[in-house]
2 protein chains.
Amino acid sequence: MKFLKVDSLEQAREKMLSSLQDVFTKTEQVSLQESAGRCLAEPVYCPEMVPDFRRSTVDGYAVIARDTQGAGESIPVFLDIVEEVAIGHPAVHTLKSGECAYVPTGGMLPDGADGMVMVEYTELFDEKSVAIYSAVSPGNAVVQIGEDARKGQLLLDQGTRLDAKSIGVLASIGKEQVEVFKPWRLMVISTGDELVLPGEEKTACEVYDINTSAICTLAREHGMEVVETVTLKDEEELLEQALRRSLETCDIVVISGGSSQGKKDMTARLIDKIAEPGVYTHGLALKPGKPTIIGTDDASRTLLIGLPGHPVAAMMVFELLVIWMQKRMFHEKDKLCIPAILESNIPGAPGRATCQMVKLIPSGSGYAARPVFGKSGLMSTLTQADGYVLTEVNQEGLRSGEHVFVHLF
Amino acid sequence: MKFLKVDSLEQAREKMLSSLQDVFTKTEQVSLQESAGRCLAEPVYCPEMVPDFRRSTVDGYAVIARDTQGAGESIPVFLDIVEEVAIGHPAVHTLKSGECAYVPTGGMLPDGADGMVMVEYTELFDEKSVAIYSAVSPGNAVVQIGEDARKGQLLLDQGTRLDAKSIGVLASIGKEQVEVFKPWRLMVISTGDELVLPGEEKTACEVYDINTSAICTLAREHGMEVVETVTLKDEEELLEQALRRSLETCDIVVISGGSSQGKKDMTARLIDKIAEPGVYTHGLALKPGKPTIIGTDDASRTLLIGLPGHPVAAMMVFELLVIWMQKRMFHEKDKLCIPAILESNIPGAPGRATCQMVKLIPSGSGYAARPVFGKSGLMSTLTQADGYVLTEVNQEGLRSGEHVFVHLF
């Protein structure tokens, strides 16, 4: 096998990051409604004080707190009701000592008032006055101007993946249009004389095409747009046609063929033939993931990746290269990992980083991480695993009992 | 305030689970391509052995392992090549002692062969024979029949939320149609004279409608179908019309109004007016979430929920009631929580469970959970928090230094 330009995971990532940056950081405007799952391309600052008026958090009476001093269950203080504030409408009076105003939850406190007394601690005396049975401090049950967010304050950083929480924050400042990163356009090619599409008739020695479904789902889960999927027989001409088409329609094309040397050579040769400068990483010092090929075509601004043929390895490499690159390009924060204690040793691979699938098992006040060993062609390892642990290139494996962080996958 | 039927979170959940089960567990067939994010309605068993032939994991020669005994770097064993197996095609020969066959990665071993020698450890001698420089054991570099999955084995359980991994598993057995639970049809109503939609002009004392965007996003993130969203002024007639419409088009309607008593009374009164048997939970012993109302209309098979008006509380209650119920009805596994050590005390609320937002901070070999305190109307608590900790009804709060499990949110 000729792996002329074998790179470590870090080297390959560096090269990917430094090429085609322009392609992978395009932005567009979308409406708030369509923004779920998209990634913010710009930081969002608070355009005004939130709230921009003093808001009551209870149903009750806005008072001058000093007026309620000494009030208690048996000794009420009597105040004149000068206003009934309606929600969504400004209060019009300015309270003077001895006065109060009814304010519902969410309503505006009148000028002069500095605290709220809950309606439960009051009793209407007549139409114009109320007995207050509780002393309150200034600020009681009031959200102050700017207490939720101050004008100019950073609310959401660039790279925020928009979810219910962050969309709620955008709604709270009335933002209806948001600048997000454009989805990467992806083409997924699977090649193999042995491949049969799910739903089709399969004869002995043939296998179902797993990679197309798995890689497409993974890509869409991370907001990418799958422009085309192609399942091909192992014919150089067919693959060349598909690759040439990808240069015109896509930002990234991933080719997953079998892992036989002939197929890998063909993929690398074709990338070098149609793309310029072509292949820059030929082999990855990663277990699994060795037969990975990475190249670019500068003219059409396309990234071309040959994934390992084994489904599990193909998914891992897609996660560790493409999805990792998207996180960096979009300035996304890393997802939280789950801390766990390793249940058995993970052997290191000399000169290669290792991506080891693990199952998480509740144990004491946390989790134990149990390595799921299996040949990398086996899908069953995936159904058992909750995530993976990544070891460094020159790490001699990990020992049972070590603390690890598990990336959910 | 009249909370006539205040329930604990557990009581409310029990009541919800025991009503309308038929509505919430309908199923449908979708294609594999459309199945991402859906929830399996039936367990999936392996229909045949995977693989259903003995598969090589390397490029090389299929041999009878016994024939290679004694072979080494300087002492080759010579074998006759009787066949070159093509990928996707059956091997036709039966190996006898002294014979071998070339098999590419993923190809089928011929009968008689019991191990593979990697091509790197061989040298072609002439067209019909090869020198083997390595002794191999039986089973070397071979995936046995059924090694990935045996016929009849459970591959995916009912309730599996279909992601790239599980879709890969379905593809591996050629399953093109899957039975999944039907998405729940949801209507989201927000009421309030003070509400303005994002993008619209806002005057003093008005606030943007946060709940509609936040609840819709949360629902869609969990696979629900939002049939209609309505933002209304506080007029009983408008709300009644919307609610009556929801009985015809939806499985669930959530109404989030302000938290003032008048509005809550109106919601409860209207549910009792149009639905039969109507409200069964009037108040939830949960902080935040007290002003929650739950009822059903048996004739139209609709669940009606009045959420708290505060956005954070509304989202939490939606998560703890509706999304929780979907997990139970669909037999979904609980998501993994993140173990952490509490950084400061969380005060308990007498007679109420507490849902406390926390931020996770890397600390040593794990995380510290820092409570994010803030009035429940404040969106800013959401941008800071990574998830929540749930305390039991009769727990006297949690102490700094305690181990907790954080639900990501």
# chains A, B, ... in the order shown; residues from 1 in each chain; ligands from 1
call {"tool": "calpha_fit_and_write", "arguments": {"fixed": "chain B", "moving": "chain A", "output": "compact mmCIF listing (two decimals) with C-alpha atoms, in the first residue's frame"}}
result
# COMPACT_ATOMS: atom_id res chain seq x y z
CA MET A 1 -55.98 31.98 44.02
CA LYS A 2 -58.05 28.84 43.72
CA PHE A 3 -55.89 25.85 42.95
CA LEU A 4 -58.53 23.25 43.60
CA LYS A 5 -56.73 20.24 42.19
CA VAL A 6 -53.05 20.93 42.76
CA ASP A 7 -51.05 17.89 41.72
CA SER A 8 -47.47 16.88 42.21
CA LEU A 9 -45.46 16.45 39.01
CA GLU A 10 -45.80 12.66 39.43
CA GLN A 11 -49.58 12.81 39.91
CA ALA A 12 -50.04 15.03 36.87
CA ARG A 13 -47.85 12.72 34.80
CA GLU A 14 -49.81 9.65 35.91
CA LYS A 15 -53.09 11.26 34.90
CA MET A 16 -51.71 12.31 31.52
CA LEU A 17 -50.36 8.84 30.81
CA SER A 18 -53.65 7.14 31.61
CA SER A 19 -55.73 9.31 29.28
CA LEU A 20 -55.81 9.44 25.49
CA GLN A 21 -53.19 6.70 25.09
CA ASP A 22 -54.80 5.79 21.73
CA VAL A 23 -54.21 9.28 20.34
CA PHE A 24 -50.58 9.44 21.27
CA THR A 25 -49.42 6.04 20.07
CA LYS A 26 -50.62 6.01 16.47
CA THR A 27 -48.12 4.67 13.99
CA GLU A 28 -47.32 4.97 10.30
CA GLN A 29 -44.91 3.57 7.72
CA VAL A 30 -42.17 5.80 6.36
CA SER A 31 -39.27 5.15 4.03
CA LEU A 32 -35.79 4.81 5.47
CA GLN A 33 -34.85 8.13 3.86
CA GLU A 34 -37.61 9.99 5.69
CA SER A 35 -37.13 8.22 8.99
CA ALA A 36 -34.41 10.38 10.57
CA GLY A 37 -35.56 11.80 13.88
CA ARG A 38 -38.62 9.56 14.03
CA CYS A 39 -39.24 7.06 16.80
CA LEU A 40 -39.46 3.30 16.05
CA ALA A 41 -42.91 1.92 16.87
CA GLU A 42 -41.81 -1.72 16.73
CA PRO A 43 -38.69 -3.63 17.63
CA VAL A 44 -36.52 -4.57 14.66
CA TYR A 45 -35.08 -8.08 14.53
CA CYS A 46 -32.37 -9.30 12.22
CA PRO A 47 -34.05 -11.11 9.30
CA GLU A 48 -30.96 -13.12 8.30
CA MET A 49 -27.40 -13.75 9.34
CA VAL A 50 -25.21 -10.64 8.86
CA PRO A 51 -23.01 -11.21 7.06
CA ASP A 52 -24.58 -14.18 5.30
CA PHE A 53 -21.24 -15.29 3.91
CA ARG A 54 -17.72 -15.47 5.32
CA ARG A 55 -16.23 -12.08 4.52
CA SER A 56 -12.60 -11.06 4.32
CA THR A 57 -11.53 -7.88 6.14
CA VAL A 58 -8.30 -7.56 4.13
CA ASP A 59 -6.96 -7.81 0.60
CA GLY A 60 -5.11 -11.11 0.43
CA TYR A 61 -5.26 -14.84 0.06
CA ALA A 62 -7.84 -17.16 1.54
CA VAL A 63 -6.00 -20.19 2.86
CA ILE A 64 -6.38 -23.31 4.94
CA ALA A 65 -4.63 -21.98 8.05
CA ARG A 66 -2.95 -25.33 8.72
CA ASP A 67 -1.12 -25.01 5.38
CA THR A 68 0.65 -21.86 6.59
CA GLN A 69 2.13 -23.43 9.71
CA GLY A 70 5.85 -22.76 9.88
CA ALA A 71 5.76 -19.97 7.30
CA GLY A 72 7.83 -16.92 8.24
CA GLU A 73 9.76 -14.00 6.80
CA SER A 74 12.55 -16.17 5.51
CA ILE A 75 10.69 -19.46 5.04
CA PRO A 76 7.77 -19.05 2.68
CA VAL A 77 5.09 -21.62 2.05
CA PHE A 78 4.03 -21.96 -1.58
CA LEU A 79 0.34 -22.34 -2.43
CA ASP A 80 -1.47 -22.80 -5.74
CA ILE A 81 -3.88 -20.00 -6.68
CA VAL A 82 -7.07 -21.71 -7.83
CA GLU A 83 -9.39 -18.71 -7.95
CA GLU A 84 -9.59 -14.93 -7.89
CA VAL A 85 -12.81 -14.03 -6.09
CA ALA A 86 -14.54 -10.85 -7.27
CA ILE A 87 -16.34 -8.70 -4.76
CA GLY A 88 -20.10 -9.18 -4.84
CA HIS A 89 -19.74 -12.59 -6.45
CA PRO A 90 -19.65 -16.03 -4.86
CA ALA A 91 -16.45 -18.03 -4.63
CA VAL A 92 -16.85 -21.20 -6.69
CA HIS A 93 -13.99 -23.49 -5.69
CA THR A 94 -13.61 -25.60 -2.59
CA LEU A 95 -10.02 -25.28 -1.40
CA LYS A 96 -7.99 -28.38 -0.87
CA SER A 97 -4.74 -28.49 1.06
CA GLY A 98 -2.01 -26.61 -0.84
CA GLU A 99 -4.50 -24.30 -2.55
CA CYS A 100 -5.47 -20.68 -1.99
CA ALA A 101 -7.67 -17.99 -3.58
CA TYR A 102 -7.23 -14.26 -3.93
CA VAL A 103 -10.01 -12.41 -2.04
CA PRO A 104 -10.33 -8.60 -1.85
CA THR A 105 -11.57 -6.77 1.27
CA GLY A 106 -15.29 -7.52 1.62
CA GLY A 107 -15.10 -10.56 -0.64
CA MET A 108 -16.30 -14.09 0.09
CA LEU A 109 -14.01 -16.84 1.33
CA PRO A 110 -14.24 -20.07 -0.68
CA ASP A 111 -15.39 -23.24 1.04
CA GLY A 112 -12.51 -25.04 2.65
CA ALA A 113 -10.61 -21.83 3.45
CA ASP A 114 -10.57 -20.79 7.09
CA GLY A 115 -8.30 -17.74 7.27
CA MET A 116 -6.86 -14.81 5.32
CA VAL A 117 -3.23 -13.85 4.74
CA MET A 118 -2.79 -10.11 4.01
CA VAL A 119 -1.31 -9.43 0.58
CA GLU A 120 1.57 -7.57 2.30
CA TYR A 121 2.82 -10.93 3.63
CA THR A 122 2.78 -12.61 0.23
CA GLU A 123 4.66 -12.50 -3.04
CA LEU A 124 3.43 -13.76 -6.39
CA PHE A 125 5.73 -16.56 -7.53
CA ASP A 126 4.19 -17.07 -10.92
CA GLU A 127 0.69 -16.71 -12.33
CA LYS A 128 -0.51 -19.79 -10.55
CA SER A 129 1.29 -19.76 -7.22
CA VAL A 130 2.12 -17.44 -4.38
CA ALA A 131 4.69 -17.40 -1.60
CA ILE A 132 3.19 -16.93 1.88
CA TYR A 133 5.54 -15.36 4.45
CA SER A 134 3.30 -15.48 7.50
CA ALA A 135 1.53 -18.19 9.47
CA VAL A 136 -2.10 -17.41 10.28
CA SER A 137 -4.63 -18.94 12.65
CA PRO A 138 -8.07 -20.12 11.60
CA GLY A 139 -10.46 -17.15 11.48
CA ASN A 140 -7.69 -14.60 10.85
CA ALA A 141 -9.13 -11.45 9.18
CA VAL A 142 -12.47 -13.13 8.54
CA VAL A 143 -15.93 -11.98 9.62
CA GLN A 144 -17.86 -15.18 10.26
CA ILE A 145 -21.47 -15.76 9.17
CA GLY A 146 -23.72 -14.03 11.72
CA GLU A 147 -20.79 -12.40 13.50
CA ASP A 148 -22.29 -8.91 13.08
CA ALA A 149 -25.84 -10.04 13.88
CA ARG A 150 -27.60 -13.40 14.10
CA LYS A 151 -30.94 -14.15 12.49
CA GLY A 152 -33.72 -13.24 14.92
CA GLN A 153 -31.50 -11.09 17.13
CA LEU A 154 -33.00 -7.82 18.43
CA LEU A 155 -31.22 -5.01 16.60
CA LEU A 156 -33.22 -1.93 17.59
CA ASP A 157 -35.80 -1.68 20.32
CA GLN A 158 -39.20 -0.04 20.08
CA GLY A 159 -38.76 3.62 20.99
CA THR A 160 -35.39 4.04 19.30
CA ARG A 161 -35.10 7.62 18.06
CA LEU A 162 -33.66 7.07 14.58
CA ASP A 163 -30.26 8.69 14.06
CA ALA A 164 -27.34 8.07 11.74
CA LYS A 165 -26.27 5.00 13.70
CA SER A 166 -29.64 3.29 13.84
CA ILE A 167 -30.45 4.21 10.23
CA GLY A 168 -27.14 2.58 9.32
CA VAL A 169 -28.30 -0.55 11.15
CA LEU A 170 -31.64 -0.54 9.30
CA ALA A 171 -29.83 -0.11 5.99
CA SER A 172 -27.52 -3.01 6.84
CA ILE A 173 -30.50 -5.39 6.84
CA GLY A 174 -32.02 -3.76 3.76
CA LYS A 175 -35.05 -2.40 5.62
CA GLU A 176 -36.58 0.27 3.42
CA GLN A 177 -39.91 0.80 5.21
CA VAL A 178 -40.08 1.40 8.94
CA GLU A 179 -43.01 1.60 11.32
CA VAL A 180 -42.71 4.78 13.40
CA PHE A 181 -44.94 6.70 15.77
CA LYS A 182 -47.01 9.43 14.15
CA PRO A 183 -45.97 12.94 15.13
CA TRP A 184 -48.22 14.58 17.69
CA ARG A 185 -50.21 17.45 16.20
CA LEU A 186 -49.81 20.55 18.30
CA MET A 187 -51.45 23.96 18.43
CA VAL A 188 -49.65 26.72 20.30
CA ILE A 189 -51.71 29.64 21.57
CA SER A 190 -50.19 32.68 23.25
CA THR A 191 -52.52 35.26 24.73
CA GLY A 192 -51.88 38.73 26.05
CA ASP A 193 -52.81 42.34 25.36
CA GLU A 194 -49.13 43.14 25.84
CA LEU A 195 -47.84 40.71 23.20
CA VAL A 196 -46.21 41.84 19.96
CA LEU A 197 -44.81 39.44 17.35
CA PRO A 198 -41.07 39.63 16.61
CA GLY A 199 -40.57 41.95 13.65
CA GLU A 200 -43.57 44.11 14.58
CA GLU A 201 -43.46 47.63 16.03
CA LYS A 202 -43.45 47.61 19.82
CA THR A 203 -44.56 50.47 22.08
CA ALA A 204 -43.71 51.04 25.73
CA CYS A 205 -45.05 48.35 28.13
CA GLU A 206 -45.54 45.83 25.37
CA VAL A 207 -43.32 42.75 25.14
CA TYR A 208 -42.40 40.42 22.33
CA ASP A 209 -44.13 37.05 22.18
CA ILE A 210 -41.40 34.62 23.21
CA ASN A 211 -43.44 31.56 24.05
CA THR A 212 -44.76 30.83 20.57
CA SER A 213 -41.29 30.64 19.00
CA ALA A 214 -39.71 28.83 21.93
CA ILE A 215 -42.44 26.21 22.42
CA CYS A 216 -42.75 25.54 18.67
CA THR A 217 -39.02 25.00 18.36
CA LEU A 218 -38.96 22.72 21.40
CA ALA A 219 -41.87 20.70 19.99
CA ARG A 220 -40.32 20.37 16.53
CA GLU A 221 -36.98 19.39 18.02
CA HIS A 222 -38.83 16.43 19.50
CA GLY A 223 -40.54 15.46 16.27
CA MET A 224 -43.94 17.05 16.87
CA GLU A 225 -45.90 18.72 14.13
CA VAL A 226 -47.00 22.29 14.88
CA VAL A 227 -50.34 22.56 13.09
CA GLU A 228 -51.09 26.16 14.00
CA THR A 229 -49.75 29.01 16.09
CA VAL A 230 -52.01 31.76 17.35
CA THR A 231 -51.11 34.95 19.16
CA LEU A 232 -54.23 36.56 20.63
CA LYS A 233 -55.34 39.59 22.58
CA ASP A 234 -56.91 38.77 25.95
CA GLU A 235 -60.44 38.31 24.70
CA GLU A 236 -62.39 35.34 25.90
CA GLU A 237 -64.23 34.93 22.63
CA LEU A 238 -61.06 34.79 20.53
CA LEU A 239 -59.52 32.21 22.83
CA GLU A 240 -62.69 30.12 22.80
CA GLN A 241 -62.74 30.11 19.00
CA ALA A 242 -59.10 29.01 18.84
CA LEU A 243 -59.65 26.29 21.44
CA ARG A 244 -62.71 24.93 19.63
CA ARG A 245 -60.70 24.82 16.41
CA SER A 246 -57.91 22.95 18.20
CA LEU A 247 -60.31 20.19 19.21
CA GLU A 248 -60.83 19.46 15.54
CA THR A 249 -57.28 19.71 14.22
CA CYS A 250 -54.92 18.80 17.06
CA ASP A 251 -53.91 16.19 19.59
CA ILE A 252 -52.57 18.75 22.04
CA VAL A 253 -53.16 22.45 22.49
CA VAL A 254 -50.94 24.48 24.77
CA ILE A 255 -52.11 27.89 25.88
CA SER A 256 -49.59 30.23 27.38
CA GLY A 257 -51.02 33.43 28.68
CA GLY A 258 -49.72 35.85 31.21
CA SER A 259 -49.51 34.61 34.74
CA SER A 260 -52.08 37.00 36.14
CA GLN A 261 -54.92 35.35 37.99
CA GLY A 262 -57.58 36.68 35.67
CA LYS A 263 -55.98 35.07 32.65
CA LYS A 264 -55.43 31.75 34.39
CA ASP A 265 -59.05 31.70 35.51
CA MET A 266 -60.18 32.41 31.98
CA THR A 267 -58.10 29.57 30.54
CA ALA A 268 -59.39 27.09 33.12
CA ARG A 269 -62.98 28.25 32.72
CA LEU A 270 -62.84 27.96 28.93
CA ILE A 271 -61.31 24.48 29.04
CA ASP A 272 -64.09 23.41 31.39
CA LYS A 273 -66.64 25.01 29.09
CA ILE A 274 -65.63 23.41 25.81
CA ALA A 275 -64.02 20.15 26.98
CA GLU A 276 -65.49 17.16 28.76
CA PRO A 277 -64.43 16.06 31.39
CA GLY A 278 -62.28 19.23 31.30
CA VAL A 279 -59.63 20.34 33.77
CA TYR A 280 -58.23 17.59 36.02
CA THR A 281 -55.06 19.29 37.24
CA HIS A 282 -55.33 22.89 38.39
CA GLY A 283 -51.92 23.87 39.69
CA LEU A 284 -48.66 21.94 39.77
CA ALA A 285 -46.51 21.51 42.89
CA LEU A 286 -43.43 22.43 40.90
CA LYS A 287 -41.13 25.41 40.98
CA PRO A 288 -41.39 26.97 38.46
CA GLY A 289 -44.67 25.78 37.01
CA LYS A 290 -47.30 26.41 39.69
CA PRO A 291 -49.99 27.96 37.44
CA THR A 292 -50.15 24.93 35.13
CA ILE A 293 -53.57 23.64 34.07
CA ILE A 294 -54.21 20.25 32.46
CA GLY A 295 -57.43 18.86 31.04
CA THR A 296 -58.82 16.67 28.29
CA ASP A 297 -61.71 16.51 25.92
CA ASP A 298 -62.61 12.86 25.61
CA ALA A 299 -64.92 13.17 22.61
CA SER A 300 -62.37 14.84 20.34
CA ARG A 301 -59.44 13.07 22.02
CA THR A 302 -57.57 16.31 22.78
CA LEU A 303 -55.22 17.20 25.60
CA LEU A 304 -55.40 20.85 26.70
CA ILE A 305 -52.60 22.40 28.74
CA GLY A 306 -52.38 25.88 30.19
CA LEU A 307 -48.70 26.68 30.57
CA PRO A 308 -47.25 29.33 32.89
CA GLY A 309 -46.88 32.70 31.17
CA HIS A 310 -43.19 33.17 31.99
CA PRO A 311 -41.17 31.84 29.06
CA VAL A 312 -38.66 29.88 31.10
CA ALA A 313 -41.39 28.29 33.22
CA ALA A 314 -43.46 27.56 30.10
CA MET A 315 -40.53 25.79 28.44
CA MET A 316 -39.69 23.79 31.56
CA VAL A 317 -43.28 22.64 32.04
CA PHE A 318 -43.55 21.71 28.35
CA GLU A 319 -40.35 19.67 28.74
CA LEU A 320 -41.37 18.02 32.02
CA LEU A 321 -44.95 17.20 30.93
CA VAL A 322 -45.32 16.97 27.16
CA ILE A 323 -41.88 15.83 26.11
CA TRP A 324 -41.67 13.55 29.14
CA MET A 325 -45.03 12.01 28.18
CA GLN A 326 -43.87 11.47 24.61
CA LYS A 327 -40.81 9.59 25.87
CA ARG A 328 -43.01 7.29 27.96
CA MET A 329 -45.68 6.78 25.28
CA PHE A 330 -43.03 6.03 22.65
CA HIS A 331 -40.96 3.85 25.04
CA GLU A 332 -37.96 6.06 24.40
CA LYS A 333 -34.91 5.57 26.56
CA ASP A 334 -34.03 8.49 28.81
CA LYS A 335 -31.26 10.66 27.44
CA LEU A 336 -27.95 10.42 29.19
CA CYS A 337 -27.52 13.01 31.91
CA ILE A 338 -24.25 14.64 32.82
CA PRO A 339 -22.95 13.80 36.28
CA ALA A 340 -21.63 16.85 38.13
CA ILE A 341 -20.83 18.18 41.56
CA LEU A 342 -23.06 20.97 42.80
CA GLU A 343 -21.17 24.22 43.32
CA SER A 344 -23.63 25.82 45.71
CA ASN A 345 -26.83 25.00 47.59
CA ILE A 346 -30.17 24.72 45.81
CA PRO A 347 -32.90 25.69 48.27
CA GLY A 348 -35.93 23.39 48.38
CA ALA A 349 -39.48 24.69 48.05
CA PRO A 350 -41.81 23.27 50.73
CA GLY A 351 -44.20 20.75 49.19
CA ARG A 352 -42.97 21.38 45.66
CA ALA A 353 -40.43 19.76 43.39
CA THR A 354 -37.82 22.16 42.05
CA CYS A 355 -36.45 22.39 38.56
CA GLN A 356 -33.21 24.36 38.88
CA MET A 357 -31.29 25.60 35.84
CA VAL A 358 -27.53 25.08 36.09
CA LYS A 359 -24.42 25.89 34.10
CA LEU A 360 -21.78 23.17 33.71
CA ILE A 361 -18.20 24.19 34.33
CA PRO A 362 -15.25 21.89 33.60
CA SER A 363 -13.68 20.99 36.91
CA GLY A 364 -11.00 18.37 37.51
CA SER A 365 -11.96 15.18 35.72
CA GLY A 366 -15.62 16.19 35.38
CA TYR A 367 -17.98 19.11 35.77
CA ALA A 368 -19.20 21.44 38.49
CA ALA A 369 -22.88 22.43 38.27
CA ARG A 370 -23.40 26.12 39.06
CA PRO A 371 -27.05 27.08 39.75
CA VAL A 372 -28.27 29.94 37.55
CA PHE A 373 -30.63 31.88 39.78
CA GLY A 374 -32.99 34.42 38.31
CA LYS A 375 -36.62 35.39 38.31
CA SER A 376 -38.48 32.91 36.14
CA GLY A 377 -39.46 35.60 33.65
CA LEU A 378 -35.87 36.23 32.69
CA MET A 379 -34.68 34.83 29.37
CA SER A 380 -31.08 35.54 30.32
CA THR A 381 -31.10 32.57 32.71
CA LEU A 382 -31.61 30.37 29.65
CA THR A 383 -28.61 31.65 27.72
CA GLN A 384 -26.38 30.89 30.69
CA ALA A 385 -27.73 27.46 31.57
CA ASP A 386 -26.74 24.13 30.04
CA GLY A 387 -29.48 22.12 31.70
CA TYR A 388 -31.43 21.51 34.87
CA VAL A 389 -31.45 19.49 38.06
CA LEU A 390 -34.75 18.13 39.31
CA THR A 391 -35.30 17.73 43.04
CA GLU A 392 -38.05 15.61 44.60
CA VAL A 393 -41.11 17.08 46.29
CA ASN A 394 -40.02 16.32 49.82
CA GLN A 395 -36.35 16.92 49.35
CA GLU A 396 -35.02 19.80 51.44
CA GLY A 397 -33.03 21.22 48.59
CA LEU A 398 -29.57 20.09 47.57
CA ARG A 399 -26.26 20.98 49.16
CA SER A 400 -23.07 22.28 47.70
CA GLY A 401 -20.74 19.34 46.99
CA GLU A 402 -23.53 16.84 46.29
CA HIS A 403 -23.37 14.64 43.19
CA VAL A 404 -26.20 15.47 40.80
CA PHE A 405 -27.30 14.43 37.32
CA VAL A 406 -27.87 17.33 34.95
CA HIS A 407 -30.53 16.97 32.26
CA LEU A 408 -29.27 18.84 29.20
CA PHE A 409 -31.78 21.39 28.00
call {"tool": "select_by_dssp", "arguments": {"residues": "range 244-312 of chain A", "states": "helix (DSSP H, G or I)", "output": "MDAnalysis selection string"}}
result
chainID A and resid 244:249 261:274 311:312
call {"tool": "write_last_selection", "arguments": {"atoms": "N, CA and C atoms", "output": "mmCIF file, in the first residue's frame"}}
result
data_model
loop_
_atom_site.group_PDB
_atom_site.id
_atom_site.type_symbol
_atom_site.label_atom_id
_atom_site.label_comp_id
_atom_site.auth_asym_id
_atom_site.auth_seq_id
_atom_site.Cartn_x
_atom_site.Cartn_y
_atom_site.Cartn_z
ATOM 1 N N ARG A 244 -16.949 14.711 -11.386
ATOM 2 C CA ARG A 244 -16.945 15.956 -12.179
ATOM 3 C C ARG A 244 -18.223 16.753 -11.921
ATOM 4 N N ARG A 245 -19.347 16.021 -11.795
ATOM 5 C CA ARG A 245 -20.612 16.689 -11.511
ATOM 6 C C ARG A 245 -20.545 17.375 -10.134
ATOM 7 N N SER A 246 -19.925 16.681 -9.187
ATOM 8 C CA SER A 246 -19.853 17.225 -7.824
ATOM 9 C C SER A 246 -19.095 18.551 -7.790
ATOM 10 N N LEU A 247 -18.111 18.685 -8.654
ATOM 11 C CA LEU A 247 -17.340 19.939 -8.668
ATOM 12 C C LEU A 247 -18.239 21.126 -9.007
ATOM 13 N N GLU A 248 -19.289 20.844 -9.765
ATOM 14 C CA GLU A 248 -20.176 21.931 -10.179
ATOM 15 C C GLU A 248 -21.282 22.229 -9.173
ATOM 16 N N THR A 249 -21.715 21.200 -8.428
ATOM 17 C CA THR A 249 -22.919 21.387 -7.613
ATOM 18 C C THR A 249 -22.654 21.418 -6.109
ATOM 19 N N GLN A 261 -7.494 -2.260 -1.826
ATOM 20 C CA GLN A 261 -6.468 -1.336 -2.301
ATOM 21 C C GLN A 261 -6.797 -0.798 -3.689
ATOM 22 N N GLY A 262 -7.318 -1.660 -4.537
ATOM 23 C CA GLY A 262 -7.632 -1.229 -5.889
ATOM 24 C C GLY A 262 -8.609 -0.061 -5.904
ATOM 25 N N LYS A 263 -9.615 -0.152 -5.066
ATOM 26 C CA LYS A 263 -10.622 0.908 -5.028
ATOM 27 C C LYS A 263 -10.039 2.199 -4.490
ATOM 28 N N LYS A 264 -9.231 2.076 -3.437
ATOM 29 C CA LYS A 264 -8.633 3.267 -2.839
ATOM 30 C C LYS A 264 -7.733 3.960 -3.861
ATOM 31 N N ASP A 265 -6.962 3.140 -4.580
ATOM 32 C CA ASP A 265 -6.072 3.713 -5.601
ATOM 33 C C ASP A 265 -6.885 4.451 -6.649
ATOM 34 N N MET A 266 -7.997 3.846 -7.034
ATOM 35 C CA MET A 266 -8.825 4.461 -8.064
ATOM 36 C C MET A 266 -9.355 5.812 -7.589
ATOM 37 N N THR A 267 -9.847 5.852 -6.352
ATOM 38 C CA THR A 267 -10.375 7.113 -5.818
ATOM 39 C C THR A 267 -9.291 8.186 -5.810
ATOM 40 N N ALA A 268 -8.121 7.841 -5.298
ATOM 41 C CA ALA A 268 -7.033 8.819 -5.223
ATOM 42 C C ALA A 268 -6.614 9.269 -6.626
ATOM 43 N N ARG A 269 -6.524 8.322 -7.535
ATOM 44 C CA ARG A 269 -6.081 8.646 -8.887
ATOM 45 C C ARG A 269 -7.077 9.589 -9.561
ATOM 46 N N LEU A 270 -8.368 9.298 -9.372
ATOM 47 C CA LEU A 270 -9.387 10.133 -10.009
ATOM 48 C C LEU A 270 -9.412 11.539 -9.418
ATOM 49 N N ILE A 271 -9.242 11.631 -8.093
ATOM 50 C CA ILE A 271 -9.211 12.973 -7.486
ATOM 51 C C ILE A 271 -8.036 13.751 -8.069
ATOM 52 N N ASP A 272 -6.888 13.087 -8.170
ATOM 53 C CA ASP A 272 -5.723 13.772 -8.742
ATOM 54 C C ASP A 272 -5.939 14.138 -10.208
ATOM 55 N N LYS A 273 -6.751 13.336 -10.894
ATOM 56 C CA LYS A 273 -6.984 13.601 -12.308
ATOM 57 C C LYS A 273 -7.897 14.809 -12.529
ATOM 58 N N ILE A 274 -8.952 14.888 -11.757
ATOM 59 C CA ILE A 274 -9.944 15.934 -12.061
ATOM 60 C C ILE A 274 -9.770 17.182 -11.204
ATOM 61 N N PRO A 311 -18.522 0.898 7.311
ATOM 62 C CA PRO A 311 -19.490 1.906 7.741
ATOM 63 C C PRO A 311 -19.113 2.612 9.038
ATOM 64 N N VAL A 312 -18.675 1.868 10.031
ATOM 65 C CA VAL A 312 -18.368 2.502 11.305
ATOM 66 C C VAL A 312 -17.195 3.456 11.145
#
